[in-house]
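Visitor: Take a look at this one; I'll ask things after.
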Amino acid sequence: MTEFVLLAAGRDADVYALDSQRVLRRYRDEGDVAAEAAVMAYVGGLGFPVPQVYSANGGDLVLERLTGPTMLQALGTGEITAVAAADLLAGLHARLHALPPQMPHKPGDRQVHLDLHPANVMLEARGPVVIDWRNSGQGPPEFDVAVSALIVAQVAVDSVREEAALAGTFLTAFLAGVGAVPSEALDQAVRFRRDDPNLTAREIGLLSAAVSLIGASRPQP
């Protein structure tokens, strides 16, 4: 069996270098990646920044190899400020939600990522590129925004995370960029996060505090 070089290990997948141009993203549960690849091809064809998909088979995706840092890494090194990064993430949401849905949909539904946070944005020379589309599909844009806000807020309220204060600054700027998050969308995001099998018990326990922080961080009318 060919030995691949491990580049990154996520919660449910590993990324290996195949060569200078391609990587293999392999899910550990061997789930079917066909739907994820189809969404990436669709939004990419409409001009949204995603890695090129070379092939999809079983739990394996062969993708364009990206070389830039993640937004999260760039925040850690000071390469980008929290405010600038939050504005960039809000803009990516707006661009994605402006696309026509891929399939027949409910009124108001759009393409949604449902895991769009700083670790899933690569800062390439050509601009930001959004990765990890496994949760993607169609739904209300405000739900997508609420999920992103909740993910960041969970970091901001976690006292053991070194980046907690930075996440708080990011969250305030992000909410200023996306506007009000409806309470119904936030409730839906909490249920979505609570059902995520990749979350730890500690992370689930931080959901209530994260919701409170989002409420306190919302821009005032």
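Residue numbering restarts at 1 for every chain of the structure tokens, chains are lettered A, B, ... in their displayed order, and ligands are numbered from 1 as they appear.
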Under the rule of at most 10 Å, produce a per-residue listing of stretch 4-98 of chain A near stretch 183-204 of chain A: chain, number, name, the closest pair of atoms, and the distance in Å, as a tab-separated table, using only C-alpha atoms.
Guide:
residue	atom	partner	partner_atom	distance
A:Gly10	CA	A:Asn198	CA	10.0
A:Arg11	CA	A:Asn198	CA	6.3
A:Asp12	CA	A:Asn198	CA	7.3
Visitor: Looking only at the backbone, which of the residues in stretch 42-80 of chain A does DSSP tag as alpha helix (DSSP H), as a ChimeraX atom specification?
Guide: /A:42-45,71-77
Visitor: Need to verify the contact set: A:Gly76, 12 Å, only C-alpha atoms, exclusion of same-chain residues closer than 6 positions in sequence. Can you return it as a short mmCIF file (atom, residue, chain, number, x, y, z; two decimals) with all heavy atoms, in the first residue's frame?
Guide:
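This is the output file selection_25.cif:
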data_model
loop_
_atom_site.label_atom_id
_atom_site.label_comp_id
_atom_site.auth_asym_id
_atom_site.auth_seq_id
_atom_site.Cartn_x
_atom_site.Cartn_y
_atom_site.Cartn_z
N PRO A 69 -1.77 29.70 4.74
CA PRO A 69 -2.20 29.35 6.09
C PRO A 69 -3.72 29.37 6.18
O PRO A 69 -4.40 29.98 5.35
CB PRO A 69 -1.60 30.48 6.95
CG PRO A 69 -1.61 31.66 6.02
CD PRO A 69 -1.29 31.09 4.65
N THR A 70 -4.26 28.71 7.17
CA THR A 70 -5.67 28.91 7.46
C THR A 70 -5.85 30.30 8.07
O THR A 70 -4.91 30.89 8.59
CB THR A 70 -6.21 27.86 8.45
OG1 THR A 70 -5.58 28.05 9.71
CG2 THR A 70 -5.96 26.45 7.94
N ALA A 82 -8.23 40.35 13.93
CA ALA A 82 -9.53 39.73 14.18
C ALA A 82 -10.63 40.46 13.42
O ALA A 82 -11.54 39.82 12.86
CB ALA A 82 -9.83 39.71 15.67
N ALA A 85 -10.33 39.66 9.67
CA ALA A 85 -10.72 38.27 9.42
C ALA A 85 -12.23 38.11 9.53
O ALA A 85 -12.85 37.40 8.73
CB ALA A 85 -10.01 37.35 10.40
N PRO A 118 -12.85 30.16 11.01
CA PRO A 118 -11.48 30.47 10.59
C PRO A 118 -10.59 29.28 10.24
O PRO A 118 -9.67 29.43 9.43
CB PRO A 118 -10.93 31.26 11.78
CG PRO A 118 -12.13 31.97 12.32
CD PRO A 118 -13.25 30.96 12.19
N ALA A 119 -10.84 28.12 10.82
CA ALA A 119 -10.00 26.97 10.48
C ALA A 119 -10.35 26.38 9.12
O ALA A 119 -9.57 25.59 8.57
CB ALA A 119 -10.13 25.89 11.56
N GLU A 162 -6.30 29.54 24.78
CA GLU A 162 -5.47 30.74 24.72
C GLU A 162 -6.05 31.80 23.81
O GLU A 162 -5.86 32.99 24.02
CB GLU A 162 -4.06 30.37 24.24
CG GLU A 162 -3.26 29.52 25.21
CD GLU A 162 -1.86 29.24 24.71
OE1 GLU A 162 -1.51 29.76 23.61
OE2 GLU A 162 -1.12 28.51 25.38
N GLU A 163 -6.79 31.36 22.79
CA GLU A 163 -7.34 32.29 21.81
C GLU A 163 -8.73 32.79 22.17
O GLU A 163 -9.42 33.39 21.34
CB GLU A 163 -7.36 31.62 20.43
CG GLU A 163 -8.26 30.41 20.32
CD GLU A 163 -7.58 29.09 20.66
OE1 GLU A 163 -6.72 29.07 21.55
OE2 GLU A 163 -7.91 28.08 20.01
N ALA A 164 -9.17 32.58 23.42
CA ALA A 164 -10.53 32.95 23.81
C ALA A 164 -10.78 34.45 23.64
O ALA A 164 -11.81 34.86 23.09
CB ALA A 164 -10.79 32.55 25.26
N ALA A 165 -9.86 35.29 24.08
CA ALA A 165 -10.07 36.74 23.97
C ALA A 165 -10.10 37.17 22.51
O ALA A 165 -10.92 38.01 22.11
CB ALA A 165 -8.97 37.49 24.72
N LEU A 166 -9.22 36.58 21.70
CA LEU A 166 -9.20 36.89 20.27
C LEU A 166 -10.51 36.48 19.61
O LEU A 166 -11.06 37.21 18.77
CB LEU A 166 -8.02 36.18 19.61
CG LEU A 166 -7.76 36.47 18.13
CD1 LEU A 166 -7.37 37.93 17.92
CD2 LEU A 166 -6.65 35.56 17.60
N ALA A 167 -11.03 35.33 20.03
CA ALA A 167 -12.31 34.87 19.48
C ALA A 167 -13.44 35.81 19.86
O ALA A 167 -14.36 36.05 19.06
CB ALA A 167 -12.61 33.46 19.98
#
Visitor: Env of stretch 39-43 of chain A: 9 Å cut, atoms = only C-alpha atoms, seq-sep filter 6 positions within chain, self excluded. Answer as a list in words.
Guide: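 Those residues are Pro49, Val50, Pro51, Gln52, Val53, Leu96, Leu99, Gln102, Gln111, Ile131, Trp133, Ser136 and Gly137 of chain A.
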Visitor: Any chance you can output those residues with N, CA, C and O atoms as a compact mmCIF listing (two decimals), in the first residue's frame?
Guide:
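Generated output (again32.txt):
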# COMPACT_ATOMS: atom_id res chain seq x y z
N PRO A 49 -14.97 30.57 -4.13
CA PRO A 49 -13.61 30.02 -3.99
C PRO A 49 -13.56 28.72 -3.21
O PRO A 49 -13.69 28.68 -1.99
N VAL A 50 -13.35 27.62 -3.92
CA VAL A 50 -13.18 26.30 -3.32
C VAL A 50 -11.99 25.62 -3.98
O VAL A 50 -11.59 25.99 -5.09
N PRO A 51 -11.42 24.60 -3.35
CA PRO A 51 -10.36 23.83 -4.02
C PRO A 51 -10.93 23.07 -5.21
O PRO A 51 -12.10 22.64 -5.19
N GLN A 52 -10.13 22.89 -6.22
CA GLN A 52 -10.55 22.07 -7.35
C GLN A 52 -10.70 20.62 -6.90
O GLN A 52 -9.86 20.09 -6.15
N VAL A 53 -11.77 19.98 -7.34
CA VAL A 53 -12.01 18.57 -7.03
C VAL A 53 -11.53 17.73 -8.21
O VAL A 53 -12.03 17.87 -9.33
N LEU A 96 -21.64 33.35 -0.64
CA LEU A 96 -22.22 32.01 -0.76
C LEU A 96 -23.74 32.09 -0.81
O LEU A 96 -24.38 31.43 -1.64
N LEU A 99 -25.68 32.88 -4.08
CA LEU A 99 -25.73 31.92 -5.17
C LEU A 99 -27.10 31.27 -5.26
O LEU A 99 -27.75 31.01 -4.23
N GLN A 102 -28.66 24.80 -5.50
CA GLN A 102 -28.32 23.74 -6.46
C GLN A 102 -29.54 22.89 -6.83
O GLN A 102 -29.67 22.45 -7.96
N GLN A 111 -27.59 28.09 -0.69
CA GLN A 111 -26.48 27.19 -0.40
C GLN A 111 -25.91 27.57 0.98
O GLN A 111 -25.69 28.75 1.25
N ILE A 131 -12.78 25.50 2.61
CA ILE A 131 -12.60 24.05 2.59
C ILE A 131 -13.63 23.37 3.49
O ILE A 131 -14.41 24.03 4.17
N TRP A 133 -16.47 20.87 3.14
CA TRP A 133 -17.86 21.08 2.77
C TRP A 133 -18.75 19.91 3.17
O TRP A 133 -19.84 19.74 2.62
N SER A 136 -22.31 20.75 4.17
CA SER A 136 -22.98 21.71 3.28
C SER A 136 -24.27 21.16 2.70
O SER A 136 -24.51 19.96 2.65
N GLY A 137 -25.10 22.09 2.26
CA GLY A 137 -26.37 21.73 1.65
C GLY A 137 -27.15 22.98 1.33
O GLY A 137 -26.58 23.98 0.88
Visitor: Pick the closest to A:Leu63 from A:Asp29, A:Asp132, A:Glu79, A:Asp109: which is it, counting only C-alpha atoms?
Guide: A:Asp132
Visitor: Just how far from atom CA of A:Ser212 is atom CA of A:Ala153, in Å to one decimal?
Guide: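 Taking atom CA of A:Ala153 and atom CA of A:Ser212, their separation equals 9.1 Å.
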